[in-house]
file model-v7.txt (compact mmCIF, C-alpha atoms)
# COMPACT_ATOMS: atom_id res chain seq x y z
CA PRO A 1 0.00 0.00 0.00
CA GLY A 2 2.81 2.43 0.79
CA ASN A 3 4.29 1.94 -2.65
CA LEU A 4 0.98 2.60 -4.37
CA SER A 5 0.18 5.71 -2.33
CA SER A 6 3.61 7.39 -2.31
CA THR A 7 3.90 7.05 1.44
CA VAL A 8 6.38 5.45 3.81
CA GLY A 9 5.33 2.02 5.01
CA ILE A 10 7.11 -0.02 7.68
CA LYS A 11 6.41 -3.73 7.89
CA PRO A 12 8.12 -4.76 11.14
CA THR A 13 9.58 -8.12 12.03
CA VAL A 14 6.86 -10.60 12.95
CA GLY A 15 6.98 -10.52 16.74
CA LEU A 16 7.88 -6.86 17.21
CA ILE A 17 4.26 -5.62 17.27
CA SER A 18 1.29 -7.27 18.98
CA ARG A 19 -1.36 -8.73 16.66
CA THR A 20 -4.01 -9.11 19.42
CA GLY A 21 -7.35 -7.80 18.19
CA ILE A 22 -6.32 -7.70 14.53
CA LEU A 23 -8.35 -9.84 12.13
CA PRO A 24 -5.79 -12.50 11.13
CA LEU A 25 -4.72 -14.04 7.87
CA SER A 26 -1.51 -15.91 8.69
CA ASN A 27 -0.08 -16.43 12.17
CA SER A 28 3.43 -16.81 10.76
CA GLN A 29 3.32 -13.73 8.51
CA ASP A 30 0.86 -11.21 9.97
CA THR A 31 2.16 -8.01 11.51
CA ALA A 32 0.83 -4.52 12.06
CA GLY A 33 2.89 -1.57 10.89
CA PRO A 34 2.67 2.19 10.33
CA MET A 35 2.12 4.15 7.13
CA ALA A 36 2.88 7.86 7.08
CA ARG A 37 3.97 10.79 4.92
CA THR A 38 7.56 10.68 6.14
CA VAL A 39 10.03 8.21 7.63
CA LYS A 40 10.10 10.20 10.88
CA ASP A 41 6.32 10.08 11.22
CA ALA A 42 6.29 6.36 10.50
CA VAL A 43 9.00 5.76 13.10
CA LEU A 44 7.08 7.79 15.68
CA LEU A 45 4.03 5.63 15.01
CA LEU A 46 6.17 2.50 15.25
CA GLN A 47 7.50 3.70 18.59
CA GLY A 48 3.96 4.15 19.85
CA ILE A 49 2.72 0.64 19.06
CA ILE A 50 5.68 -1.38 20.31
CA GLY A 51 5.19 -3.20 23.59
CA PHE A 52 5.16 -6.76 24.90
CA ASP A 53 1.93 -8.77 24.71
CA ALA A 54 1.80 -12.14 26.43
CA GLU A 55 -1.25 -13.12 24.35
CA ASP A 56 0.77 -13.08 21.12
CA ALA A 57 3.10 -16.07 21.01
CA ALA A 58 5.17 -14.53 18.21
CA MET A 59 6.38 -11.81 20.56
CA GLY A 60 8.57 -14.24 22.46
CA GLY A 61 11.27 -13.89 19.83
CA GLY A 62 11.40 -10.14 20.34
CA ILE A 63 12.23 -10.19 24.05
CA GLY A 64 15.38 -8.15 24.57
CA ARG A 65 15.52 -7.12 20.91
CA GLN A 66 13.29 -4.05 21.05
CA HIS A 67 14.79 -0.57 21.31
CA ALA A 68 13.72 2.11 23.72
CA ASP A 69 13.86 4.89 21.11
CA TYR A 70 13.70 4.13 17.39
CA THR A 71 13.93 7.82 16.55
CA ALA A 72 17.60 7.61 17.55
CA PHE A 73 18.20 5.85 14.22
CA LEU A 74 16.98 8.75 12.08
CA ASP A 75 20.37 9.54 10.53
CA LYS A 76 20.71 11.77 7.45
CA ASP A 77 24.09 10.18 6.77
CA GLY A 78 22.78 6.67 7.24
CA LEU A 79 23.71 5.57 3.72
CA LYS A 80 27.42 6.32 4.10
CA GLY A 81 29.35 3.06 4.05
CA ALA A 82 26.19 0.94 4.05
CA ARG A 83 26.40 -2.21 1.94
CA ILE A 84 23.21 -2.62 -0.07
CA GLY A 85 22.57 -5.59 -2.34
CA ILE A 86 20.43 -5.59 -5.49
CA PRO A 87 18.72 -8.95 -6.24
CA ARG A 88 18.61 -8.34 -10.01
CA ASP A 89 17.37 -11.86 -10.71
CA TYR A 90 14.31 -11.34 -8.50
CA TYR A 91 11.62 -10.86 -11.17
CA PHE A 92 13.01 -7.55 -12.45
CA GLU A 93 11.67 -8.56 -15.87
CA GLU A 94 8.20 -7.63 -14.58
CA LEU A 95 9.22 -3.96 -14.42
CA THR A 96 8.51 -1.60 -17.28
CA ASP A 97 11.47 0.28 -18.73
CA GLU A 98 10.24 3.41 -17.00
CA GLN A 99 9.95 1.71 -13.61
CA LEU A 100 13.39 0.17 -14.03
CA GLY A 101 14.75 3.61 -14.82
CA ILE A 102 13.29 5.04 -11.60
CA PHE A 103 14.79 2.17 -9.61
CA ASN A 104 18.22 2.52 -11.21
CA ARG A 105 18.18 6.26 -10.55
CA ALA A 106 17.50 5.54 -6.87
CA VAL A 107 20.47 3.18 -6.79
CA GLU A 108 22.74 5.82 -8.32
CA ILE A 109 21.58 8.36 -5.74
CA MET A 110 22.48 5.93 -2.95
CA LYS A 111 25.94 5.53 -4.45
CA GLU A 112 26.36 9.31 -4.48
CA LEU A 113 25.36 9.37 -0.80
CA GLY A 114 28.12 6.95 0.10
CA ALA A 115 26.46 3.54 -0.08
CA VAL A 116 28.41 0.54 -1.31
CA ILE A 117 26.16 -1.10 -3.89
CA VAL A 118 26.60 -4.82 -4.52
CA ASP A 119 24.93 -5.34 -7.89
CA PRO A 120 23.93 -8.03 -8.46
CA ALA A 121 23.44 -9.71 -5.11
CA ASP A 122 21.10 -12.41 -6.36
CA ILE A 123 19.08 -14.66 -4.08
CA ALA A 124 19.91 -18.19 -5.25
CA THR A 125 16.56 -19.63 -4.13
CA ALA A 126 14.38 -16.82 -5.56
CA ARG A 127 13.03 -18.84 -8.47
CA SER A 128 12.37 -21.84 -6.22
CA ILE A 129 9.74 -19.97 -4.19
CA VAL A 130 6.43 -21.17 -5.57
CA TYR A 131 2.82 -21.61 -4.44
CA SER A 132 2.51 -22.53 -0.78
CA THR A 133 -0.46 -23.77 1.27
CA VAL A 134 0.79 -22.00 4.37
CA ILE A 135 -1.63 -19.05 4.30
CA LEU A 136 -4.57 -21.26 3.31
CA ASN A 137 -3.99 -23.48 6.34
CA GLU A 138 -3.10 -20.73 8.78
CA PHE A 139 -6.06 -18.57 7.80
CA LYS A 140 -8.60 -21.09 9.05
CA ALA A 141 -6.74 -21.79 12.27
CA SER A 142 -6.05 -18.12 12.98
CA LEU A 143 -9.53 -16.87 12.10
CA ASN A 144 -11.33 -19.52 14.14
CA ALA A 145 -9.12 -18.72 17.14
CA TYR A 146 -9.84 -14.99 16.68
CA LEU A 147 -13.60 -15.49 16.41
CA ALA A 148 -13.65 -17.78 19.46
CA LYS A 149 -12.36 -14.89 21.61
CA LEU A 150 -15.01 -12.37 20.57
CA GLY A 151 -17.35 -13.24 23.41
CA PRO A 152 -20.67 -15.10 23.80
CA HIS A 153 -22.76 -12.54 21.92
CA ALA A 154 -20.69 -12.43 18.72
CA PRO A 155 -22.82 -13.88 15.88
CA MET A 156 -19.87 -15.30 13.95
CA ARG A 157 -17.99 -18.06 15.76
CA THR A 158 -16.23 -19.89 12.95
CA LEU A 159 -15.17 -19.48 9.33
CA LYS A 160 -18.04 -21.79 8.41
CA ASP A 161 -20.49 -19.37 10.07
CA ILE A 162 -19.20 -16.57 7.85
CA ILE A 163 -19.56 -18.68 4.70
CA GLU A 164 -23.14 -19.59 5.59
CA PHE A 165 -23.99 -15.96 6.41
CA ASN A 166 -22.64 -14.87 3.03
CA ASN A 167 -24.69 -17.54 1.28
CA GLN A 168 -27.81 -16.21 3.00
CA HIS A 169 -27.04 -12.62 1.95
CA PRO A 170 -25.48 -12.96 -1.51
CA MET A 171 -26.52 -9.54 -2.81
CA GLU A 172 -24.72 -7.77 0.01
CA THR A 173 -21.71 -10.04 0.52
CA LEU A 174 -20.85 -12.07 -2.57
CA LYS A 175 -20.09 -9.47 -5.23
CA TYR A 176 -16.58 -10.94 -5.47
CA GLY A 177 -17.46 -14.47 -4.34
CA GLN A 178 -15.86 -16.34 -1.46
CA LYS A 179 -13.70 -18.96 -3.14
CA THR A 180 -10.81 -18.44 -0.74
CA LEU A 181 -13.09 -18.88 2.26
CA ILE A 182 -14.59 -22.05 0.82
CA ASP A 183 -11.23 -23.50 -0.19
CA THR A 184 -9.86 -22.80 3.26
CA GLU A 185 -12.85 -24.29 5.08
CA TYR A 186 -13.18 -27.47 3.07
CA THR A 187 -9.59 -28.32 2.10
CA THR A 188 -7.84 -27.72 5.42
CA SER A 189 -8.45 -29.06 8.92
CA GLY A 190 -7.54 -25.89 10.78
CA THR A 191 -5.23 -27.89 13.05
CA LEU A 192 -1.96 -27.08 11.20
CA THR A 193 -1.07 -30.77 11.25
CA GLU A 194 -1.34 -31.57 7.52
CA ALA A 195 1.85 -32.98 6.06
CA ARG A 196 1.59 -30.59 3.08
CA TYR A 197 1.35 -27.57 5.38
CA ILE A 198 4.34 -28.63 7.47
CA ARG A 199 6.36 -29.33 4.33
CA ASP A 200 5.41 -25.98 2.75
CA ARG A 201 6.20 -24.01 5.91
CA THR A 202 9.56 -25.72 6.21
CA THR A 203 10.28 -25.03 2.54
CA ASP A 204 9.31 -21.37 2.91
CA LEU A 205 11.73 -20.91 5.79
CA ARG A 206 14.48 -22.71 3.93
CA PHE A 207 14.17 -20.86 0.61
CA CYS A 208 13.14 -17.43 1.93
CA LYS A 209 15.12 -17.23 5.15
CA ASP A 210 18.01 -19.68 5.63
CA GLU A 211 19.14 -20.26 2.04
CA GLY A 212 17.52 -17.07 0.75
CA ILE A 213 17.87 -13.70 2.45
CA ASP A 214 20.22 -14.89 5.20
CA ALA A 215 22.59 -16.62 2.79
CA THR A 216 22.70 -13.69 0.37
CA MET A 217 23.30 -11.08 3.05
CA ARG A 218 25.98 -13.22 4.67
CA GLU A 219 27.75 -13.95 1.37
CA HIS A 220 27.98 -10.28 0.40
CA GLN A 221 28.20 -8.88 3.95
CA LEU A 222 25.14 -6.72 3.35
CA ASP A 223 23.32 -4.32 5.61
CA ALA A 224 20.18 -4.54 3.51
CA LEU A 225 18.63 -5.67 0.26
CA LEU A 226 16.94 -3.20 -2.08
CA PHE A 227 13.85 -4.18 -4.07
CA PRO A 228 11.80 -2.19 -6.60
CA ALA A 229 8.31 -1.25 -5.45
CA ASP A 230 6.92 -3.96 -3.14
CA PHE A 231 8.55 -6.90 -4.93
CA GLY A 232 10.44 -7.98 -1.83
CA SER A 233 7.24 -8.76 0.05
CA ARG A 234 7.00 -12.07 -1.78
CA ILE A 235 10.04 -13.37 0.06
CA THR A 236 10.38 -11.19 3.17
CA SER A 237 6.84 -11.92 4.37
CA ARG A 238 7.42 -15.67 4.39
CA ALA A 239 10.63 -15.15 6.36
CA GLY A 240 8.87 -12.80 8.79
CA TYR A 241 11.50 -10.14 8.08
CA PRO A 242 11.15 -6.32 8.19
CA SER A 243 10.94 -3.88 5.29
CA ILE A 244 10.54 -0.15 4.72
CA VAL A 245 9.21 1.27 1.45
CA VAL A 246 9.90 4.92 0.58
CA PRO A 247 8.85 7.03 -2.43
CA ALA A 248 11.36 7.04 -5.30
CA GLY A 249 9.47 8.96 -7.96
CA TYR A 250 6.53 8.84 -10.35
CA THR A 251 5.89 7.45 -13.79
CA GLN A 252 4.88 9.75 -16.65
CA ALA A 253 1.29 8.54 -16.28
CA GLY A 254 1.26 9.65 -12.66
CA PRO A 255 1.37 6.53 -10.44
CA PRO A 256 4.03 6.62 -7.71
CA PHE A 257 6.91 4.18 -7.54
CA GLY A 258 8.93 3.33 -4.46
CA VAL A 259 11.90 1.29 -3.34
CA THR A 260 11.96 -1.17 -0.47
CA PHE A 261 14.80 -1.71 1.98
CA SER A 262 14.72 -5.15 3.62
CA ALA A 263 16.89 -6.92 6.19
CA ARG A 264 16.88 -9.73 8.74
CA ALA A 265 14.78 -10.08 11.88
CA TYR A 266 14.78 -7.10 14.25
CA GLU A 267 17.10 -5.04 12.04
CA GLU A 268 14.61 -2.18 11.86
CA PRO A 269 17.28 0.29 13.11
CA VAL A 270 19.40 -0.39 10.00
CA LEU A 271 16.41 0.06 7.69
CA ILE A 272 15.38 3.29 9.41
CA ARG A 273 18.86 4.76 8.87
CA LEU A 274 18.88 3.86 5.19
CA ALA A 275 15.30 4.93 4.45
CA TYR A 276 15.64 8.23 6.31
CA ALA A 277 18.88 9.15 4.58
CA PHE A 278 17.43 8.39 1.15
CA GLU A 279 14.24 10.32 1.87
CA GLN A 280 15.99 13.37 3.31
CA HIS A 281 18.31 13.73 0.34
CA THR A 282 15.64 13.18 -2.32
CA LYS A 283 12.23 14.36 -1.04
CA PHE A 284 10.49 12.61 -3.94
CA ARG A 285 7.07 12.50 -2.32
CA LYS A 286 4.51 14.99 -3.58
CA ALA A 287 1.32 15.81 -1.75
CA PRO A 288 -1.69 14.42 -3.67
CA SER A 289 -3.72 16.94 -5.63
CA LEU A 290 -7.43 17.36 -4.99
CA LYS A 291 -7.91 19.18 -8.29
CA SER A 292 -9.64 16.28 -10.04
CA PHE A 293 -12.08 15.87 -7.15
CA ILE A 294 -12.90 19.56 -7.07
CA GLU A 295 -13.49 19.64 -10.83
call {"tool": "encode", "arguments": {"input": "model-v7.txt", "output": "structure tokens"}}
result
Amino acid sequence: PGNLSSTVGIKPTVGLISRTGILPLSNSQDTAGPMARTVKDAVLLLQGIIGFDAEDAAMGGGIGRQHADYTAFLDKDGLKGARIGIPRDYYFEELTDEQLGIFNRAVEIMKELGAVIVDPADIATARSIVYSTVILNEFKASLNAYLAKLGPHAPMRTLKDIIEFNNQHPMETLKYGQKTLIDTEYTTSGTLTEARYIRDRTTDLRFCKDEGIDATMREHQLDALLFPADFGSRITSRAGYPSIVVPAGYTQAGPPFGVTFSARAYEEPVLIRLAYAFEQHTKFRKAPSLKSFIE
């Protein structure tokens, strides 16, 4: 969303922010995170929502790894000496020439600001990451657990209740169908014990985390990876790793285009330094115009 709206979006490490009360999709990938006009505003919001929550099992990994003041990492010179890798083999062919030009210009700016660019720094497992049943399985388990905690007067208690309600009110609820809900309800047990789920989750961690991001960053001694737009979310989300997207310009047709800094678990301070330095030296974001609405 941050990429598409020319805003700064921070997706924190899974386990840094409590998910209690948030309608779930995937217990291994879900995380709340701020969106704001500037990196500083986003960091201030991040600071405000960090805190330990015993109800969220994912937060156990974050004990002792949170920082008291994330604004301390707002460094205008944060790109100097930083080693940033470009995974050129990571579906860059999906970019238009114009989008690729915006991305390459951002890379050149980072070089001018003192960053050491490792290009390419390809992720060897990138093309091995394919369809996974993880979200399908976790959605049912997570949603049913969420609904069970809503209290005795909540009308919806299970995913099946929602499906049946939608079937009874098709005009209001089924404009776009509910195939995902039906597939989840009738092809998974909701117990997270299926062999396919366990295999897919293990594969995701192997290709996205251990042999993916971790291996690439270790091989090239990187501080961060840089992806065009939100491309990195395909791999970072499965690893549970943090990312920050910042505006990098606009296409001739008008839509904004951003770049995403990504790193390993709980390395938000590094990403904040890099994103803030890039933003402060470029100021690419433009306030949206209301002219078309007024006319």
call {"tool": "atom_distance", "arguments": {"input": "model-v7.txt", "atom1": "atom CA of Lys209 of chain A", "atom2": "atom CA of Ala145 of chain A"}}
result
27.1 Å
call {"tool": "atom_distance", "arguments": {"input": "model-v7.txt", "atom1": "atom CA of Ile22 of chain A", "atom2": "atom CA of Met59 of chain A"}}
result
14.6 Å
call {"tool": "atom_distance", "arguments": {"input": "model-v7.txt", "atom1": "atom CA of Thr184 of chain A", "atom2": "atom CA of Phe139 of chain A"}}
result
7.3 Å
call {"tool": "residues_around", "arguments": {"input": "model-v7.txt", "residues": "Ile102 of chain A", "least_positions_apart": "5", "cutoff": "10 Å", "atoms": "all atoms listed in the file", "output": "JSON, numbers by chain"}}
result
{"A": [96, 97, 107, 228, 248, 249, 250, 251, 257, 258, 259]}
call {"tool": "closest_residue", "arguments": {"input": "model-v7.txt", "among": "A:Arg206, A:Arg199, A:Arg37, A:His281", "to": "Thr133 of chain A", "atoms": "all atoms listed in the file"}}
result
A:Arg199
call {"tool": "residues_around", "arguments": {"input": "model-v7.txt", "residues": "Gln221 of chain A", "least_positions_apart": "5", "cutoff": "10 Å", "atoms": "only C-alpha atoms", "output": "VMD selection string"}}
result
chain A and resid 83 to 85 118 215 to 216
call {"tool": "closest_residue", "arguments": {"input": "model-v7.txt", "among": "A:Ala239, A:Ala126, A:Leu136, A:Val246", "to": "Glu185 of chain A", "atoms": "all atoms listed in the file"}}
result
A:Leu136
call {"tool": "closest_residue", "arguments": {"input": "model-v7.txt", "among": "A:Gly15, A:Pro120, A:Gly81, A:Gly48", "to": "Gly64 of chain A", "atoms": "all atoms listed in the file"}}
result
A:Gly15
call {"tool": "residues_around", "arguments": {"input": "model-v7.txt", "residues": "segment 2-8 of chain A", "least_positions_apart": "5", "cutoff": "7 Å", "atoms": "only C-alpha atoms", "output": "PyMOL selection string"}}
result
chain A and resi 35-39+42+229-230+245-247+256-258+285
call {"tool": "closest_residue", "arguments": {"input": "model-v7.txt", "among": "A:Leu74, A:Leu16, A:Ala82, A:Ile163", "to": "Gln280 of chain A", "atoms": "all atoms listed in the file"}}
result
A:Leu74
call {"tool": "residues_around", "arguments": {"input": "model-v7.txt", "residues": "Leu271 of chain A", "least_positions_apart": "2", "cutoff": "9 Å", "atoms": "only C-alpha atoms", "output": "PDB file with C-alpha atoms, keeping the file's coordinate frame"}}
result
ATOM      1  CA  PHE A  73      18.200   5.850  14.220  1.00  0.00           C
ATOM      2  CA  ASP A 223      23.320  -4.320   5.610  1.00  0.00           C
ATOM      3  CA  ALA A 224      20.180  -4.540   3.510  1.00  0.00           C
ATOM      4  CA  PRO A 242      11.150  -6.320   8.190  1.00  0.00           C
ATOM      5  CA  SER A 243      10.940  -3.880   5.290  1.00  0.00           C
ATOM      6  CA  ILE A 244      10.540  -0.150   4.720  1.00  0.00           C
ATOM      7  CA  PHE A 261      14.800  -1.710   1.980  1.00  0.00           C
ATOM      8  CA  SER A 262      14.720  -5.150   3.620  1.00  0.00           C
ATOM      9  CA  ALA A 263      16.890  -6.920   6.190  1.00  0.00           C
ATOM     10  CA  GLU A 267      17.100  -5.040  12.040  1.00  0.00           C
ATOM     11  CA  GLU A 268      14.610  -2.180  11.860  1.00  0.00           C
ATOM     12  CA  PRO A 269      17.280   0.290  13.110  1.00  0.00           C
ATOM     13  CA  ARG A 273      18.860   4.760   8.870  1.00  0.00           C
ATOM     14  CA  LEU A 274      18.880   3.860   5.190  1.00  0.00           C
ATOM     15  CA  ALA A 275      15.300   4.930   4.450  1.00  0.00           C
ATOM     16  CA  TYR A 276      15.640   8.230   6.310  1.00  0.00           C
TER      17      TYR A 276
END
